[in-house]
file data.txt (compact mmCIF, C-alpha atoms)
# COMPACT_ATOMS: atom_id res chain seq x y z
CA MET A 1 -21.50 7.46 26.31
CA THR A 2 -19.49 4.72 24.68
CA SER A 3 -16.81 5.59 22.15
CA LEU A 4 -14.27 3.92 19.92
CA ASN A 5 -10.63 3.43 20.79
CA ILE A 6 -8.73 3.35 17.55
CA ARG A 7 -5.18 2.31 16.78
CA ILE A 8 -3.76 2.78 13.30
CA ILE A 9 -0.70 0.67 12.76
CA LYS A 10 1.63 0.10 9.86
CA PRO A 11 4.30 -2.63 9.73
CA GLU A 12 7.05 -0.36 11.04
CA ARG A 13 5.15 1.38 13.82
CA GLU A 14 1.91 2.65 15.26
CA ILE A 15 1.00 5.88 13.48
CA ALA A 16 -1.93 7.02 15.55
CA ARG A 17 -3.95 6.20 18.63
CA ILE A 18 -7.25 7.96 19.05
CA ASP A 19 -9.39 7.35 22.11
CA GLY A 20 -12.96 8.56 22.40
CA ALA A 21 -13.81 8.59 18.69
CA SER A 22 -17.45 8.71 17.67
CA MET A 23 -17.18 7.25 14.18
CA LEU A 24 -14.78 5.64 11.74
CA VAL A 25 -15.30 5.73 7.99
CA GLY A 26 -13.18 3.54 5.76
CA GLU A 27 -13.25 1.56 2.57
CA SER A 28 -13.04 -2.22 2.43
CA VAL A 29 -12.85 -4.44 -0.63
CA GLY A 30 -16.64 -4.51 -0.47
CA GLY A 31 -17.03 -0.73 -0.49
CA GLN A 32 -17.30 2.12 1.97
CA PHE A 33 -18.31 1.34 5.54
CA SER A 34 -18.59 3.19 8.80
CA ILE A 35 -18.30 1.98 12.34
CA LEU A 36 -20.09 3.51 15.30
CA PRO A 37 -19.52 2.69 18.96
CA ASP A 38 -20.95 -0.67 20.10
CA HIS A 39 -20.73 -2.12 16.63
CA THR A 40 -20.58 -5.91 16.63
CA ALA A 41 -17.16 -7.61 16.38
CA TYR A 42 -16.05 -7.02 12.81
CA THR A 43 -13.08 -7.70 10.61
CA THR A 44 -12.45 -6.84 6.98
CA ILE A 45 -9.84 -6.39 4.27
CA LEU A 46 -9.09 -2.74 3.50
CA ARG A 47 -8.52 -1.15 0.16
CA THR A 48 -6.17 1.70 -0.71
CA ALA A 49 -8.42 4.56 0.33
CA PRO A 50 -8.83 7.49 2.70
CA MET A 51 -9.95 6.78 6.26
CA GLU A 52 -11.70 9.23 8.54
CA VAL A 53 -11.96 9.17 12.27
CA ARG A 54 -14.49 11.55 13.81
CA VAL A 55 -13.98 12.74 17.33
CA ASP A 56 -16.49 14.72 19.34
CA LYS A 57 -17.00 18.40 18.54
CA GLY A 58 -16.78 17.62 14.84
CA ARG A 59 -13.04 17.18 14.66
CA ILE A 60 -11.94 14.79 11.93
CA HIS A 61 -8.64 12.96 11.69
CA ARG A 62 -7.82 11.78 8.20
CA PHE A 63 -5.49 9.01 7.10
CA VAL A 64 -4.29 7.34 3.95
CA ILE A 65 -4.56 3.57 4.23
CA CYS A 66 -2.88 1.46 1.57
CA GLY A 67 -4.45 -1.95 1.98
CA GLY A 68 -4.49 -3.95 5.18
CA ILE A 69 -6.85 -5.39 7.72
CA LEU A 70 -9.26 -3.90 10.21
CA ARG A 71 -10.41 -5.65 13.35
CA MET A 72 -12.97 -4.33 15.77
CA ASN A 73 -14.01 -5.92 19.04
CA LYS A 74 -15.59 -4.32 22.09
CA ASN A 75 -15.05 -0.78 20.78
CA GLN A 76 -11.34 -1.42 20.26
CA VAL A 77 -10.52 -0.89 16.58
CA ASP A 78 -7.14 -2.04 15.23
CA VAL A 79 -6.31 -0.94 11.72
CA CYS A 80 -3.31 -2.88 10.48
CA ALA A 81 -2.38 -1.13 7.24
CA ALA A 82 0.17 -2.49 4.78
CA SER A 83 1.28 1.11 4.67
CA GLY A 84 -0.32 4.31 5.84
CA GLU A 85 0.09 7.98 6.51
CA ILE A 86 -1.46 10.69 8.63
CA GLY A 87 -3.36 13.21 6.53
CA ARG A 88 -1.55 16.28 7.81
CA ASP A 89 1.88 14.68 7.19
CA ILE A 90 1.32 14.25 3.48
CA ASP A 91 3.90 15.86 1.26
CA VAL A 92 1.75 17.24 -1.57
CA GLU A 93 4.66 17.90 -3.92
CA ARG A 94 5.93 14.37 -3.54
CA ALA A 95 2.49 12.92 -4.07
CA GLU A 96 2.04 15.03 -7.21
CA ALA A 97 5.41 13.92 -8.52
CA ALA A 98 4.55 10.28 -7.78
CA MET A 99 1.26 10.65 -9.61
CA LYS A 100 2.97 12.17 -12.64
CA ARG A 101 5.57 9.38 -12.67
CA ALA A 102 2.93 6.68 -12.43
CA ARG A 103 0.87 8.29 -15.22
CA GLU A 104 3.92 8.52 -17.47
CA ARG A 105 4.77 4.90 -16.80
CA LEU A 106 1.26 3.78 -17.61
CA ASP A 107 1.15 5.89 -20.79
CA SER A 108 4.57 4.78 -21.99
CA GLY A 109 3.28 1.37 -23.09
CA ASP A 110 6.58 -0.19 -22.06
CA GLU A 111 6.40 -4.00 -22.21
CA ARG A 112 8.59 -4.51 -19.16
CA MET A 113 6.45 -2.27 -16.99
CA ASP A 114 4.74 -3.86 -14.03
CA ARG A 115 1.26 -2.63 -14.82
CA SER A 116 -0.40 -3.52 -11.53
CA ARG A 117 2.38 -1.85 -9.56
CA ALA A 118 2.14 1.33 -11.61
CA GLU A 119 -1.63 1.37 -11.22
CA HIS A 120 -1.26 0.85 -7.52
CA ALA A 121 1.23 3.74 -7.29
CA LEU A 122 -1.18 5.98 -9.19
CA LYS A 123 -4.06 5.04 -6.93
CA ARG A 124 -1.95 5.65 -3.83
CA ALA A 125 -0.86 9.07 -5.05
CA MET A 126 -4.44 10.02 -5.90
CA VAL A 127 -5.66 9.01 -2.45
CA ARG A 128 -2.85 10.96 -0.83
CA LEU A 129 -3.73 14.08 -2.79
CA LYS A 130 -7.40 13.67 -2.00
CA VAL A 131 -6.72 13.39 1.72
CA ALA A 132 -4.28 16.30 1.58
CA SER A 133 -6.85 18.52 -0.17
CA PHE A 134 -8.99 18.54 2.99
CA ARG A 135 -6.35 20.47 4.85
CA HIS A 136 -6.96 23.58 2.81
CA GLY A 137 -10.67 23.71 2.68
CA MET B 1 65.83 -6.90 22.17
CA ALA B 2 64.07 -4.56 19.76
CA ASN B 3 65.29 -1.01 19.86
CA THR B 4 63.31 1.71 21.56
CA ARG B 5 62.38 3.55 18.41
CA ASP B 6 60.73 0.49 16.84
CA ILE B 7 58.74 -0.17 19.99
CA ARG B 8 57.65 3.44 20.19
CA SER B 9 56.35 3.46 16.64
CA ARG B 10 54.44 0.20 17.24
CA ILE B 11 52.84 1.65 20.34
CA LYS B 12 51.84 4.69 18.36
CA SER B 13 50.21 2.70 15.57
CA ILE B 14 48.37 0.43 18.02
CA ARG B 15 47.07 3.49 19.81
CA GLU B 16 45.73 4.82 16.53
CA ILE B 17 44.01 1.53 15.80
CA GLN B 18 42.52 1.61 19.27
CA HIS B 19 41.07 5.04 18.55
CA ILE B 20 39.40 3.66 15.45
CA THR B 21 38.00 0.53 17.13
CA ARG B 22 36.69 2.64 19.99
CA ALA B 23 34.96 4.98 17.58
CA MET B 24 33.50 2.02 15.71
CA LYS B 25 32.21 0.61 18.97
CA MET B 26 30.43 3.88 19.71
CA VAL B 27 28.91 3.93 16.23
CA ALA B 28 27.74 0.33 16.62
CA ALA B 29 26.25 1.16 20.03
CA ALA B 30 24.27 4.04 18.53
CA LYS B 31 23.10 1.86 15.64
CA LEU B 32 22.18 -0.89 18.08
CA ARG B 33 19.92 1.47 19.97
CA LYS B 34 18.27 2.54 16.76
CA ALA B 35 17.79 -1.04 15.62
CA GLN B 36 16.28 -2.05 18.96
CA ASN B 37 14.02 0.96 18.81
CA ARG B 38 12.82 0.06 15.34
CA GLN B 39 12.08 -3.46 16.46
CA ALA B 40 10.16 -2.26 19.51
CA LEU B 41 8.11 0.14 17.34
CA SER B 42 7.05 -2.69 15.04
CA MET B 43 5.67 -4.76 17.92
CA PRO B 44 2.05 -3.45 17.77
CA ALA B 45 1.68 -4.64 14.18
CA VAL B 46 3.16 -8.03 15.05
CA GLU B 47 0.85 -8.43 18.03
CA VAL B 48 -2.35 -7.39 16.28
CA LEU B 49 -1.72 -9.51 13.21
CA SER B 50 -0.66 -12.63 15.04
CA SER B 51 -3.51 -12.45 17.54
CA LEU B 52 -5.97 -12.00 14.67
CA LEU B 53 -4.49 -14.99 12.88
CA ASP B 54 -4.74 -17.09 16.05
CA GLU B 55 -8.38 -16.12 16.35
CA LEU B 56 -9.15 -16.88 12.72
CA LEU B 57 -7.47 -20.27 12.97
CA TYR B 58 -9.65 -21.29 15.90
CA GLY B 59 -10.99 -24.72 15.10
CA ALA B 60 -9.49 -24.67 11.60
CA ARG B 61 -8.03 -27.63 9.72
CA GLU B 62 -4.94 -27.38 7.58
CA GLU B 63 -6.69 -27.84 4.24
CA ILE B 64 -8.42 -24.54 4.71
CA ASN B 65 -5.67 -22.42 3.15
CA PRO B 66 -3.00 -23.65 0.72
CA LEU B 67 -0.28 -21.90 2.74
CA MET B 68 -1.11 -24.09 5.76
CA ARG B 69 -0.81 -27.42 3.97
CA LYS B 70 2.03 -29.57 5.26
CA ARG B 71 3.83 -31.60 2.61
CA GLU B 72 5.83 -34.67 3.41
CA GLY B 73 9.39 -34.61 2.14
CA GLY B 74 9.15 -31.65 -0.23
CA PRO B 75 12.47 -29.98 -1.09
CA PRO B 76 13.39 -27.33 1.49
CA GLY B 77 13.77 -23.60 0.99
CA TYR B 78 16.00 -21.36 3.08
CA ILE B 79 16.13 -17.62 3.51
CA VAL B 80 19.56 -16.81 4.93
CA ILE B 81 20.21 -13.39 6.44
CA THR B 82 23.83 -12.23 6.76
CA SER B 83 25.33 -8.75 7.12
CA ASP B 84 26.44 -6.39 4.37
CA LYS B 85 29.48 -5.23 6.30
CA GLY B 86 32.26 -7.09 8.05
CA LEU B 87 34.10 -6.50 11.35
CA CYS B 88 31.33 -8.04 13.39
CA GLY B 89 33.08 -10.98 15.02
CA GLY B 90 31.53 -14.39 14.53
CA PHE B 91 28.20 -12.99 13.31
CA ASN B 92 28.40 -14.26 9.74
CA THR B 93 30.45 -17.41 10.33
CA GLY B 94 27.77 -18.80 12.63
CA ILE B 95 24.96 -18.32 10.11
CA ILE B 96 27.01 -19.46 7.15
CA LYS B 97 28.04 -22.66 8.95
CA ARG B 98 24.43 -23.42 9.83
CA ALA B 99 23.23 -22.52 6.34
CA MET B 100 25.86 -24.71 4.66
CA SER B 101 24.84 -27.72 6.73
CA LEU B 102 21.21 -27.11 5.79
CA VAL B 103 21.56 -26.17 2.13
CA GLY B 104 24.18 -28.86 1.53
CA GLY B 105 21.35 -31.36 1.15
CA GLY B 106 19.82 -29.38 -1.73
CA GLY B 107 16.94 -26.94 -1.83
CA LEU B 108 16.27 -23.35 -2.79
CA LEU B 109 18.37 -20.55 -1.34
CA VAL B 110 17.31 -16.94 -0.88
CA SER B 111 20.28 -15.00 0.40
CA ILE B 112 20.13 -11.56 1.98
CA GLY B 113 23.38 -9.70 2.73
CA LYS B 114 26.65 -9.21 0.86
CA LYS B 115 28.67 -11.50 3.11
CA GLY B 116 26.45 -14.49 2.53
CA ASN B 117 26.09 -13.72 -1.18
CA SER B 118 29.82 -13.71 -1.81
CA PHE B 119 30.45 -16.77 0.35
CA PHE B 120 27.73 -18.89 -1.26
CA ALA B 121 28.86 -17.77 -4.71
CA ARG B 122 32.41 -18.94 -3.90
CA CYS B 123 31.02 -22.31 -2.80
CA GLY B 124 29.28 -22.62 -6.14
CA LEU B 125 25.78 -22.63 -4.65
CA GLU B 126 22.91 -21.47 -6.79
CA PHE B 127 20.71 -18.64 -5.63
CA ALA B 128 17.00 -18.61 -6.16
CA ARG B 129 17.11 -14.92 -5.19
CA LYS B 130 19.69 -12.64 -3.64
CA TYR B 131 19.53 -9.20 -2.06
CA GLU B 132 22.03 -6.64 -0.82
CA ASP B 133 21.88 -3.41 1.13
CA VAL B 134 18.37 -4.06 2.36
CA SER B 135 18.39 -1.37 5.03
CA MET B 136 19.85 1.22 2.64
CA GLY B 137 17.34 0.58 -0.12
CA GLU B 138 13.64 0.03 0.27
CA PRO B 139 13.15 -2.70 2.87
CA LYS B 140 9.42 -2.78 2.23
CA ARG B 141 9.76 -3.50 -1.46
CA ILE B 142 12.30 -6.23 -0.76
CA VAL B 143 10.11 -7.80 1.92
CA ASN B 144 7.17 -7.82 -0.51
CA ASP B 145 9.36 -9.26 -3.22
CA ILE B 146 10.61 -12.08 -0.99
CA ALA B 147 7.12 -12.82 0.30
CA GLY B 148 5.71 -13.00 -3.22
CA PHE B 149 8.52 -15.29 -4.31
CA ILE B 150 8.31 -17.76 -1.44
CA ILE B 151 4.52 -17.94 -1.65
CA ALA B 152 4.69 -18.67 -5.38
CA LYS B 153 7.34 -21.37 -4.92
CA PHE B 154 5.40 -23.01 -2.11
CA LEU B 155 2.09 -22.97 -3.94
CA SER B 156 3.64 -24.41 -7.11
CA GLY B 157 5.00 -27.31 -5.05
CA GLU B 158 8.67 -26.59 -5.83
CA VAL B 159 9.37 -26.15 -2.12
CA GLY B 160 8.00 -28.14 0.80
CA PHE B 161 8.70 -25.53 3.45
CA TRP B 162 10.54 -22.25 3.99
CA ASP B 163 12.87 -21.59 6.92
CA VAL B 164 14.51 -18.28 7.75
CA VAL B 165 18.06 -18.75 9.03
CA PHE B 166 19.22 -15.71 10.96
CA ASN B 167 20.94 -14.45 14.07
CA ARG B 168 18.76 -13.20 16.81
CA TYR B 169 19.35 -11.48 20.07
CA ASP B 170 16.27 -11.43 22.28
CA SER B 171 18.19 -11.53 25.54
CA VAL B 172 21.46 -12.86 26.91
CA TYR B 173 19.86 -16.30 27.18
CA GLU B 174 18.03 -16.24 23.88
CA GLN B 175 20.60 -15.53 21.24
CA GLY B 176 22.39 -17.25 18.41
CA VAL B 177 21.53 -18.69 15.03
CA VAL B 178 17.99 -19.94 14.58
CA ALA B 179 16.07 -21.50 11.72
CA GLU B 180 12.46 -20.37 11.92
CA ARG B 181 9.73 -22.05 9.90
CA ILE B 182 7.53 -19.46 8.22
CA VAL B 183 5.75 -21.52 5.56
CA PRO B 184 3.58 -23.56 5.94
CA VAL B 185 1.81 -21.64 8.65
CA ASP B 186 1.67 -23.60 11.87
CA ILE B 187 -1.89 -24.64 12.58
CA ASP B 188 -1.20 -25.41 16.24
CA ARG B 189 -0.87 -21.72 16.95
CA GLN B 190 -4.66 -21.25 16.94
CA SER B 191 -6.09 -19.61 20.02
CA LYS B 192 -7.27 -21.89 22.80
CA GLU B 193 -10.17 -19.70 23.78
CA ARG B 194 -13.18 -19.15 21.64
CA PRO B 195 -12.69 -15.82 19.81
CA PRO B 196 -15.49 -13.27 19.42
CA MET B 197 -17.98 -13.99 16.66
CA TYR B 198 -16.65 -11.67 14.02
CA LEU B 199 -18.76 -10.31 11.26
CA ILE B 200 -16.36 -10.93 8.39
CA GLU B 201 -16.16 -9.15 5.05
CA PRO B 202 -15.87 -10.24 2.28
CA SER B 203 -15.54 -13.87 3.45
CA TYR B 204 -13.71 -15.94 6.02
CA LEU B 205 -11.45 -17.63 3.45
CA SER B 206 -10.35 -14.47 1.68
CA LEU B 207 -9.77 -12.68 4.98
CA LEU B 208 -7.71 -15.61 6.26
CA ASP B 209 -5.66 -15.56 3.07
CA ALA B 210 -5.03 -11.81 3.38
CA VAL B 211 -4.09 -12.12 7.05
CA ILE B 212 -1.72 -15.05 6.44
CA LYS B 213 0.05 -13.12 3.69
CA GLN B 214 0.37 -10.01 5.80
CA VAL B 215 1.64 -12.04 8.76
CA LEU B 216 4.21 -13.61 6.47
CA ARG B 217 5.47 -10.22 5.30
CA GLN B 218 5.56 -9.00 8.87
CA LYS B 219 7.56 -12.09 9.91
CA ILE B 220 10.17 -11.56 7.20
CA GLN B 221 10.47 -7.93 8.27
CA THR B 222 10.83 -8.97 11.92
CA CYS B 223 13.57 -11.47 11.06
CA LEU B 224 15.46 -8.73 9.19
CA MET B 225 15.11 -6.39 12.16
CA LYS B 226 16.22 -9.01 14.66
CA SER B 227 19.21 -9.85 12.53
CA ASP B 228 20.07 -6.15 12.38
CA VAL B 229 19.99 -5.90 16.18
CA ALA B 230 22.19 -8.99 16.52
CA GLU B 231 24.61 -7.62 13.92
CA GLN B 232 25.10 -4.29 15.66
CA LEU B 233 25.52 -6.07 18.99
CA ALA B 234 28.08 -8.46 17.51
CA ARG B 235 29.97 -5.54 16.00
CA MET B 236 29.88 -3.62 19.26
CA ASN B 237 31.27 -6.61 21.16
CA ALA B 238 33.91 -7.29 18.52
CA MET B 239 35.07 -3.68 18.61
CA GLU B 240 35.09 -3.65 22.38
CA SER B 241 37.32 -6.70 22.57
CA ALA B 242 39.52 -5.25 19.83
CA SER B 243 39.93 -2.08 21.93
CA ASP B 244 40.70 -4.19 25.02
CA ASN B 245 43.26 -6.23 23.12
CA ALA B 246 44.88 -3.05 21.88
CA ALA B 247 45.10 -1.78 25.48
CA ASP B 248 46.75 -5.04 26.58
CA LEU B 249 49.23 -4.83 23.73
CA ILE B 250 50.04 -1.23 24.56
CA ASP B 251 50.69 -2.18 28.21
CA GLU B 252 52.98 -5.00 27.21
CA LEU B 253 54.86 -2.93 24.67
CA THR B 254 55.21 -0.04 27.12
CA LEU B 255 56.82 -2.46 29.59
CA ASN B 256 59.17 -3.69 26.88
CA TYR B 257 59.91 -0.13 25.88
CA ASN B 258 60.83 0.87 29.44
CA ARG B 259 62.97 -2.21 29.79
CA ALA B 260 64.80 -1.47 26.58
CA ARG B 261 65.22 2.17 27.57
CA GLN B 262 66.56 1.17 31.01
CA ALA B 263 68.93 -1.35 29.43
CA ALA B 264 70.25 1.32 27.11
CA ILE B 265 70.78 3.75 30.01
CA THR B 266 72.50 1.08 32.09
CA GLY B 267 74.72 0.26 29.15
CA GLU B 268 75.66 3.91 28.73
CA ILE B 269 76.46 4.31 32.47
CA VAL B 270 78.57 1.17 32.40
CA GLU B 271 80.42 2.56 29.42
CA ILE B 272 81.00 5.95 31.12
CA VAL B 273 82.06 4.38 34.40
CA GLY B 274 84.33 1.91 32.56
CA GLY B 275 85.84 4.77 30.54
CA ALA B 276 86.38 6.90 33.66
CA GLU B 277 88.06 4.02 35.49
CA ALA B 278 90.27 3.32 32.53
CA LEU B 279 91.30 6.99 32.45
CA ALA B 280 91.90 7.06 36.25
CA SER B 281 94.08 3.97 36.16
CA ALA B 282 96.07 5.42 33.27
CA TYR B 283 97.31 8.34 35.34

call {"tool": "encode", "arguments": {"input": "data.txt", "output": "structure tokens"}}
result
Amino acid sequence: MTSLNIRIIKPEREIARIDGASMLVGESVGGQFSILPDHTAYTTILRTAPMEVRVDKGRIHRFVICGGILRMNKNQVDVCAASGEIGRDIDVERAEAAMKRARERLDSGDERMDRSRAEHALKRAMVRLKVASFRHG
Amino acid sequence: MANTRDIRSRIKSIREIQHITRAMKMVAAAKLRKAQNRQALSMPAVEVLSSLLDELLYGAREEINPLMRKREGGPPGYIVITSDKGLCGGFNTGIIKRAMSLVGGGGLLVSIGKKGNSFFARCGLEFARKYEDVSMGEPKRIVNDIAGFIIAKFLSGEVGFWDVVFNRYDSVYEQGVVAERIVPVDIDRQSKERPPMYLIEPSYLSLLDAVIKQVLRQKIQTCLMKSDVAEQLARMNAMESASDNAADLIDELTLNYNRARQAAITGEIVEIVGGAEALASAY
């Protein structure tokens, strides 16, 4: 049976390499998508969103992907994230603190605030918390 | 001839300096390993992104993305990477010399590193942007900031091209100051073989734009990493030769010290013998 070989890379280093995956679920700028083995060659722009990689026997690896590009060819999937994290490495307290900070910044109505950056930080923190929540349930 | 006590104290102080330079060499060696490691770890991202860009550029013309458009005779832009700390031999002088010859003709200057910042400020050059302590702070934010800035300046037509001027050390044969063109993107890099027919979302043009921008950020990051490797290597070599010089000095001074000591002993013996003879002849 064919399977996917997946590499998840961020600018500083490769964060994961999963061989023999049966499905990848991610979110591109066009919306959620999933890739199964023997998918046609595909490339897309990724959004800040969770990513799931399913391996046989129902095991799921989860990641946080903050923007980037995905390329798939001949069952080799390269995810080149602008930044990313492995689900089980997420520091929940830090993510909660980051979310609170971003919310406060957005609510402050400060003129000098970089709105898109604050929104991006909020989104990132929310995705991190969402991915982290799977660990406990 | 200097007296023995002076020589001894000089030897002692040189030995202390040698201890310090040796320790600094070890620190630089450890940092060099770390820097090389970091660079090696970033290679997968570099490879994937640049191979994807080559594939996307297959058969493309330069009008296809504004960041690929070559402009004749536009004012230049330079990103100059120097170190934040000194004691690294000719590391900074080489880059600064090259940068001065380039920037002397006008153009925008983005300076990274305290050494370059203070030197260019003394020369009265104007900065378009300057950064310090990149590795201590948030390199990612700085890389994004630089990338955003140079893209904006290129697209607005204020700059005809951007070069990164930095020190690299790829091997013994491939080292020294280089000026690498990062914008506009070189169209000749497209892959020679026909790439797979990708299903592209949302569209070819927006994907190409995203890939070019990410490649650009990755390139700036790579230049910073390469410069870091070269800096640690330069510091290690500088500290090694400083330790060697200290050893030579100690040898020379020890010789002088022994000579002076021997001369003093000989003088004393001559005095004793002369005194004894004078006494003997008196009786």

call {"tool": "residues_around", "arguments": {"input": "data.txt", "residues": "Asp251 (chain B)", "least_positions_apart": "6", "cutoff": "10 Å", "atoms": "only C-alpha atoms", "output": "PDB file with C-alpha atoms, in the coordinates of the input"}}
result
ATOM      1  CA  ILE B  11      52.840   1.650  20.340  1.00  0.00           C
ATOM      2  CA  ASN B 245      43.260  -6.230  23.120  1.00  0.00           C
ATOM      3  CA  TYR B 257      59.910  -0.130  25.880  1.00  0.00           C
TER       4      TYR B 257
END

call {"tool": "closest_residue", "arguments": {"input": "data.txt", "among": "A:Met23, A:Ala82, A:Val131, A:Ala49", "to": "chain B", "atoms": "all atoms listed in the file"}}
result
A:Ala82

call {"tool": "closest_atom_pairs", "arguments": {"input": "data.txt", "of": "chain B", "to": "chain A", "cutoff": "7 Å", "atoms": "only C-alpha atoms", "output": "Markdown table"}}
result
| residue | atom | partner | partner_atom | distance |
| --- | --- | --- | --- | --- |
| B:Leu41 | CA | A:Arg13 | CA | 4.8 |
| B:Ser42 | CA | A:Glu12 | CA | 4.6 |
| B:Pro44 | CA | A:Glu14 | CA | 6.6 |
| B:Ala45 | CA | A:Pro11 | CA | 5.5 |
| B:Pro196 | CA | A:Ala41 | CA | 6.6 |
| B:Met197 | CA | A:Ala41 | CA | 6.4 |
| B:Tyr198 | CA | A:Ala41 | CA | 4.7 |
| B:Leu199 | CA | A:Tyr42 | CA | 4.5 |
| B:Ile200 | CA | A:Thr43 | CA | 5.1 |
| B:Glu201 | CA | A:Thr44 | CA | 4.8 |
| B:Pro202 | CA | A:Gly30 | CA | 6.4 |
| B:Leu207 | CA | A:Ile45 | CA | 6.3 |
| B:Gln218 | CA | A:Pro11 | CA | 6.6 |

call {"tool": "atom_distance", "arguments": {"input": "data.txt", "atom1": "CA of Gly87 (chain A)", "atom2": "CA of Phe63 (chain A)"}}
result
4.7 Å

call {"tool": "closest_residue", "arguments": {"input": "data.txt", "among": "A:Glu111, A:Asp91, A:Asp19, A:Glu96", "to": "Leu4 (chain A)", "atoms": "only C-alpha atoms"}}
result
A:Asp19

call {"tool": "atom_distance", "arguments": {"input": "data.txt", "atom1": "CA of Asp107 (chain A)", "atom2": "CA of Lys123 (chain A)"}}
result
14.8 Å

call {"tool": "axis_aligned_box", "arguments": {"input": "data.txt", "around": "region 80-97 of chain A", "padding_each_side": "6 Å", "output": "lines of an AutoDock Vina configuration file"}}
result
center_x = 1.3
center_y = 7.5
center_z = 1.0
size_x = 21.3
size_y = 32.8
size_z = 31.0

call {"tool": "closest_residue", "arguments": {"input": "data.txt", "among": "B:Leu109, B:Leu249, B:Ala264, B:Ala23", "to": "Asp163 (chain B)", "atoms": "all atoms listed in the file"}}
result
B:Leu109

call {"tool": "atom_distance", "arguments": {"input": "data.txt", "atom1": "CA of Pro76 (chain B)", "atom2": "CA of Gly106 (chain B)"}}
result
7.5 Å

call {"tool": "residues_around", "arguments": {"input": "data.txt", "residues": "Val80 (chain B)", "least_positions_apart": "4", "cutoff": "6 Å", "atoms": "only C-alpha atoms", "output": "ChimeraX atom specification"}}
result
/B:111,164-165

call {"tool": "residues_around", "arguments": {"input": "data.txt", "residues": "Leu24 (chain A)", "least_positions_apart": "2", "cutoff": "8 Å", "atoms": "only C-alpha atoms", "output": "NGL selection string"}}
result
:A and (21-22 or 26 or 34-36 or 51-54)

call {"tool": "residues_around", "arguments": {"input": "data.txt", "residues": "Arg15 (chain B)", "least_positions_apart": "4", "cutoff": "9 Å", "atoms": "only C-alpha atoms", "output": "list of chain:residue names"}}
result
B:Arg10, B:Ile11, B:His19, B:Ile20, B:Ala246, B:Ala247, B:Ile250

call {"tool": "write_last_selection", "arguments": {"input": "data.txt", "atoms": "C-alpha atoms", "output": "PDB file, keeping the file's coordinate frame"}}
result
ATOM      1  CA  ARG B  10      54.440   0.200  17.240  1.00  0.00           C
ATOM      2  CA  ILE B  11      52.840   1.650  20.340  1.00  0.00           C
ATOM      3  CA  HIS B  19      41.070   5.040  18.550  1.00  0.00           C
ATOM      4  CA  ILE B  20      39.400   3.660  15.450  1.00  0.00           C
ATOM      5  CA  ALA B 246      44.880  -3.050  21.880  1.00  0.00           C
ATOM      6  CA  ALA B 247      45.100  -1.780  25.480  1.00  0.00           C
ATOM      7  CA  ILE B 250      50.040  -1.230  24.560  1.00  0.00           C
TER       8      ILE B 250
END

call {"tool": "closest_residue", "arguments": {"input": "data.txt", "among": "A:Lys100, A:Arg112, A:His120, A:Arg62", "to": "Ile18 (chain A)", "atoms": "all atoms listed in the file"}}
result
A:Arg62

call {"tool": "residues_around", "arguments": {"input": "data.txt", "residues": "Ile96 (chain B)", "least_positions_apart": "6", "cutoff": "12 Å", "atoms": "all atoms listed in the file", "output": "list in words"}}
result
Tyr78, Ile79, Val80, Ile81, Thr82, Ser83, Gly90, Leu102, Val103, Gly104, Ser111, Ile112, Gly113, Lys115, Gly116, Asn117, Ser118, Phe119, Phe120, Cys123, Val165, Phe166, Asn167, Val177 and Val178 of chain B

call {"tool": "closest_residue", "arguments": {"input": "data.txt", "among": "B:Ile14, B:Ile151, B:Ala210, B:Cys88", "to": "Ala28 (chain B)", "atoms": "all atoms listed in the file"}}
result
B:Cys88

call {"tool": "decode", "arguments": {"input": "data.txt", "residues": "region 272-277 of chain B", "atoms": "N, CA, C and O atoms", "output": "JSON list (two decimals), in the first residue's frame"}}
result
[["chain", "number", "residue", "atom", "x", "y", "z"],
["B", 272, "ILE", "N", 83.21, 39.43, 43.94],
["B", 272, "ILE", "CA", 83.70, 38.65, 45.09],
["B", 272, "ILE", "C", 85.17, 38.28, 44.88],
["B", 272, "ILE", "O", 86.01, 38.47, 45.76],
["B", 273, "VAL", "N", 85.41, 37.76, 43.62],
["B", 273, "VAL", "CA", 86.78, 37.33, 43.32],
["B", 273, "VAL", "C", 87.74, 38.53, 43.42],
["B", 273, "VAL", "O", 88.81, 38.46, 44.03],
["B", 274, "GLY", "N", 87.28, 39.67, 42.82],
["B", 274, "GLY", "CA", 88.11, 40.88, 42.85],
["B", 274, "GLY", "C", 88.37, 41.32, 44.28],
["B", 274, "GLY", "O", 89.51, 41.66, 44.66],
["B", 275, "GLY", "N", 87.32, 41.25, 45.11],
["B", 275, "GLY", "CA", 87.45, 41.65, 46.52],
["B", 275, "GLY", "C", 88.42, 40.74, 47.24],
["B", 275, "GLY", "O", 89.30, 41.21, 48.00],
["B", 276, "ALA", "N", 88.29, 39.39, 46.99],
["B", 276, "ALA", "CA", 89.14, 38.42, 47.66],
["B", 276, "ALA", "C", 90.60, 38.63, 47.27],
["B", 276, "ALA", "O", 91.51, 38.61, 48.13],
["B", 277, "GLU", "N", 90.81, 38.89, 45.96],
["B", 277, "GLU", "CA", 92.19, 39.10, 45.51],
["B", 277, "GLU", "C", 92.78, 40.35, 46.13],
["B", 277, "GLU", "O", 93.96, 40.38, 46.54]]
